[in-house]
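Novice: Supplied in structure tokens, the structure appears directly below.
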Amino acid sequence: MATEHFSTRFQDLDTWSSLDVLTAFYEGQLSAVAAVRSSLPAIATAAEEAAARLRRGGRLVYVGAGTSGRIGVQDGTELPPTFNWPDDKLVYLIAGGEGAIMRAVENAEDSVEEGIAGIRNNKIGPNDVVIGVAASGRTPFTIAALKEAAMRGAQTIGISNNADAPILEACSYPILADTGEEVIAGSTRMKAGTAQKVILNLLSSLIMVRMGRVYRGLMVNMRATNAKLRRRSEVMVMQITDCDEATATDAILQAGGDLKTAVLIAMGASPQQAKGALERSDGNLREALADFSKAKK
């Protein structure tokens with residue numbers, strides 16, 4: 001496995017100056033991001049299929065062990081506040097259970113039975129999207145979960161940092177970021193982990209865009225849970241509709257805090273008309289605005 005290779009270039013790393021060590025680490029991070037470039041077509045294809053399934057009521061399921069599992073949890077937990085993705089549409093299967101998020105659980109990644117049980121216990125089905133992440137691409141827990149999910153008709157996405165890894169064969173949508181050897185041999189929390197984070201960021205963000213949770217580059221589905229975000233909501237309504245602050249504030253109040261509804265109200269819709277347009281467009285603001293404009297004519 002390339003991620004486990006020892007590089008003679010760094011064999012005396014501990015004798016280098018701190019700045020030289022950091023420079024090596026930094027260059028490794030840059031190369032990790034660059035390694036994702038060739039994966040973009042695969043990410044795009046996986047995201048399109050995922051959005052189609054999630055529109056039918058499916059869930060996003062993150063599967064992994066150790067660093068890979070924690071990176072998956074990090075990605076998923078950002079989706080509710082950023083895109084108002086429902087909490088009950090997220091599932092995390094971490095080798096060793098929830099406790100492994102904070103502390104390493106030895107040998108948990110080797111449990112095929114636990115991987116299978118996680119899929120079965122959560123009743124994973126055809127509308128669900130299961131994302132397995134493993135730097136080595138050989139983690140038994142993650143591979144077993146993906147295979148079980150595939151048997152149940154779910155979309156299976158496998159992310160690996162090693163070419164020809166079993167996880168890429170075990171899924172229907174393989175994504176490879178070949179990051180190669182680490183500066184600290186085998187420490188895949190570094191280059192491999194960075195590439196995984198980038199891939200998950202790209203994948204989940206594109207899924208949300210395709211599902212209409214972004215409009216004109218704005219987070220129109222976000223949860224305004226504090227003063228800063230409430231102010232951001234007002235600014236977004238003003239940006240989208242070119243209205244003044246008072247109109248935006250009133251529209252948000254009438255909309256009960258829902259930004260998309262507020263945009264339509266600021267454009268002249270009643271709360272009922274706004275909600276109707278959004279229901280007909282399945283929450284897609286661009287389509288709802290077109291629907292409302294057409295109705296006005």
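Chain labels follow the order of the structure tokens: the first chain is A, the next B, and so on; residue numbering restarts at 1 in every chain, and ligands are counted from 1 in their shown order.
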Step one, run DSSP on the backbone; step two, keep only residues of region 64-266 of chain A assigned to alpha helix (DSSP H); then write them as an MDAnalysis selection string.
Specialist: chainID A and resid 66:77 79:83 112:121 140:151 166:170 191:210 227:241 245:254 259:266
Novice: Write out as a ChimeraX atom specification which residues come within 10 Å of region 11-27 of chain A when counting only C-alpha atoms, dropping same-chain ones fewer than 6 positions away.
Specialist: /A:182-185,190-191
Novice: I'd like to know which of A:Glu279, A:Glu114, A:Asp164, A:Glu49 is closest to Ala145 (chain A), using only C-alpha atoms.
Specialist: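 Smallest distance to Ala145 (chain A) is found for A:Glu114.
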Novice: Please provide as a list in words all residues within 9 Å of region 240-245 of chain A, with the sequence filter that same-chain residues fewer than 2 positions apart are discarded (counting only C-alpha atoms).
Specialist: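 Listed by chain and then number, they are Arg216, Glu234, Val235, Met236, Val237, Met238, Thr247, Ala248, Thr249, Asp250, Val263, Leu264, Ala266 and Met267 of chain A.
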Novice: Please list as a PDB file with N, CA, C and O atoms, in the first residue's frame every residue within 10 Å of Ile207 (chain A), counting only C-alpha atoms and excluding residues in the same chain fewer than 6 positions away.
Specialist:
```pdb
ATOM      1  N   ILE A  43     -16.575  11.949  -8.534  1.00  0.00           N
ATOM      2  CA  ILE A  43     -17.348  12.613  -7.485  1.00  0.00           C
ATOM      3  C   ILE A  43     -18.646  13.166  -8.062  1.00  0.00           C
ATOM      4  O   ILE A  43     -19.720  13.037  -7.465  1.00  0.00           O
ATOM      5  N   ALA A  44     -18.559  13.783  -9.237  1.00  0.00           N
ATOM      6  CA  ALA A  44     -19.746  14.356  -9.873  1.00  0.00           C
ATOM      7  C   ALA A  44     -20.786  13.286 -10.180  1.00  0.00           C
ATOM      8  O   ALA A  44     -21.988  13.459  -9.918  1.00  0.00           O
ATOM      9  N   ALA A  46     -21.139  10.319  -8.745  1.00  0.00           N
ATOM     10  CA  ALA A  46     -21.683   9.799  -7.492  1.00  0.00           C
ATOM     11  C   ALA A  46     -22.692  10.772  -6.886  1.00  0.00           C
ATOM     12  O   ALA A  46     -23.738  10.364  -6.366  1.00  0.00           O
ATOM     13  N   ALA A  47     -22.410  12.061  -6.952  1.00  0.00           N
ATOM     14  CA  ALA A  47     -23.298  13.067  -6.367  1.00  0.00           C
ATOM     15  C   ALA A  47     -24.632  13.134  -7.101  1.00  0.00           C
ATOM     16  O   ALA A  47     -25.689  13.287  -6.470  1.00  0.00           O
ATOM     17  N   GLU A  48     -24.605  13.026  -8.417  1.00  0.00           N
ATOM     18  CA  GLU A  48     -25.849  13.061  -9.192  1.00  0.00           C
ATOM     19  C   GLU A  48     -26.771  11.913  -8.790  1.00  0.00           C
ATOM     20  O   GLU A  48     -27.966  12.103  -8.581  1.00  0.00           O
ATOM     21  N   GLU A  49     -26.208  10.724  -8.691  1.00  0.00           N
ATOM     22  CA  GLU A  49     -27.002   9.562  -8.300  1.00  0.00           C
ATOM     23  C   GLU A  49     -27.485   9.700  -6.862  1.00  0.00           C
ATOM     24  O   GLU A  49     -28.629   9.362  -6.533  1.00  0.00           O
ATOM     25  N   ALA A  50     -26.623  10.204  -5.993  1.00  0.00           N
ATOM     26  CA  ALA A  50     -27.000  10.372  -4.586  1.00  0.00           C
ATOM     27  C   ALA A  50     -28.172  11.330  -4.448  1.00  0.00           C
ATOM     28  O   ALA A  50     -29.125  11.070  -3.701  1.00  0.00           O
ATOM     29  N   ALA A  51     -28.115  12.454  -5.151  1.00  0.00           N
ATOM     30  CA  ALA A  51     -29.204  13.431  -5.072  1.00  0.00           C
ATOM     31  C   ALA A  51     -30.524  12.816  -5.516  1.00  0.00           C
ATOM     32  O   ALA A  51     -31.576  13.064  -4.899  1.00  0.00           O
ATOM     33  N   ALA A  52     -30.483  12.001  -6.562  1.00  0.00           N
ATOM     34  CA  ALA A  52     -31.709  11.360  -7.047  1.00  0.00           C
ATOM     35  C   ALA A  52     -32.310  10.438  -5.985  1.00  0.00           C
ATOM     36  O   ALA A  52     -33.528  10.427  -5.764  1.00  0.00           O
ATOM     37  N   LEU A  54     -31.736  10.553  -2.656  1.00  0.00           N
ATOM     38  CA  LEU A  54     -32.123  11.309  -1.467  1.00  0.00           C
ATOM     39  C   LEU A  54     -33.434  12.054  -1.690  1.00  0.00           C
ATOM     40  O   LEU A  54     -34.202  12.262  -0.741  1.00  0.00           O
ATOM     41  N   ARG A 213     -30.586  23.209  -2.481  1.00  0.00           N
ATOM     42  CA  ARG A 213     -30.365  23.829  -1.179  1.00  0.00           C
ATOM     43  C   ARG A 213     -29.350  24.970  -1.236  1.00  0.00           C
ATOM     44  O   ARG A 213     -28.948  25.496  -0.199  1.00  0.00           O
TER      45      ARG A 213
END
```
Novice: Please indicate the distance in Å from CA of Glu109 (chain A) to CA of Ala95 (chain A), rounded to one decimal place.
Specialist: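 These two atoms are separated by 5.4 Å.
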Novice: If you count only C-alpha atoms, which residues fall within 9 Å of Ile119 (chain A), apart from same-chain ones fewer than 6 positions away, as a PyMOL selection string?
Specialist: chain A and resi 93+145-146+148-149
Novice: With only C-alpha atoms as the basis for distance, which of A:Ser187, A:Glu169, A:Val61, A:Ser160 is at the shortest distance from Asp75 (chain A)?
Specialist: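 Checking each candidate against Asp75 (chain A), we get A:Val61 as the closest.
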Novice: What is the distance, in Å and to one decimal place, between CA of Ala274 (chain A) and CA of Thr261 (chain A)?
Specialist: 5.5 Å
Novice: Write out as a PDB file with C-alpha atoms, in the first residue's frame the set of residues from region 175-218 of chain A that DSSP, computed on the backbone, places in strand (DSSP E or B).
Specialist:
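Output contents, as saved in out_1.pdb:
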```pdb
ATOM      1  CA  ILE A 175     -13.436   7.417  -5.739  1.00  0.00           C
ATOM      2  CA  LEU A 176      -9.642   7.292  -5.586  1.00  0.00           C
ATOM      3  CA  TYR A 215     -29.260  29.447  -4.794  1.00  0.00           C
ATOM      4  CA  LEU A 218     -25.972  31.328  -1.142  1.00  0.00           C
TER       5      LEU A 218
END
```
Novice: Excluding same-chain residues fewer than 6 positions from Val63 (chain A), what lies within 8 Å of it counting only C-alpha atoms, as JSON, numbers by chain?
Specialist: {"A": [69, 72, 92, 93, 94, 130, 131, 132, 133, 142, 145]}
Novice: Point out the residue among A:Arg70, A:Lys228, A:Arg152, A:Lys147 with the least atom-to-atom distance to Ile124 (chain A), counting only C-alpha atoms.
Specialist: A:Arg152
Novice: Give the answer as one residue: which of A:Ala154, A:Ala246, A:Ala100, A:Leu285 has the shortest atom-to-atom distance to Gly66 (chain A), using only C-alpha atoms?
Specialist: A:Ala100
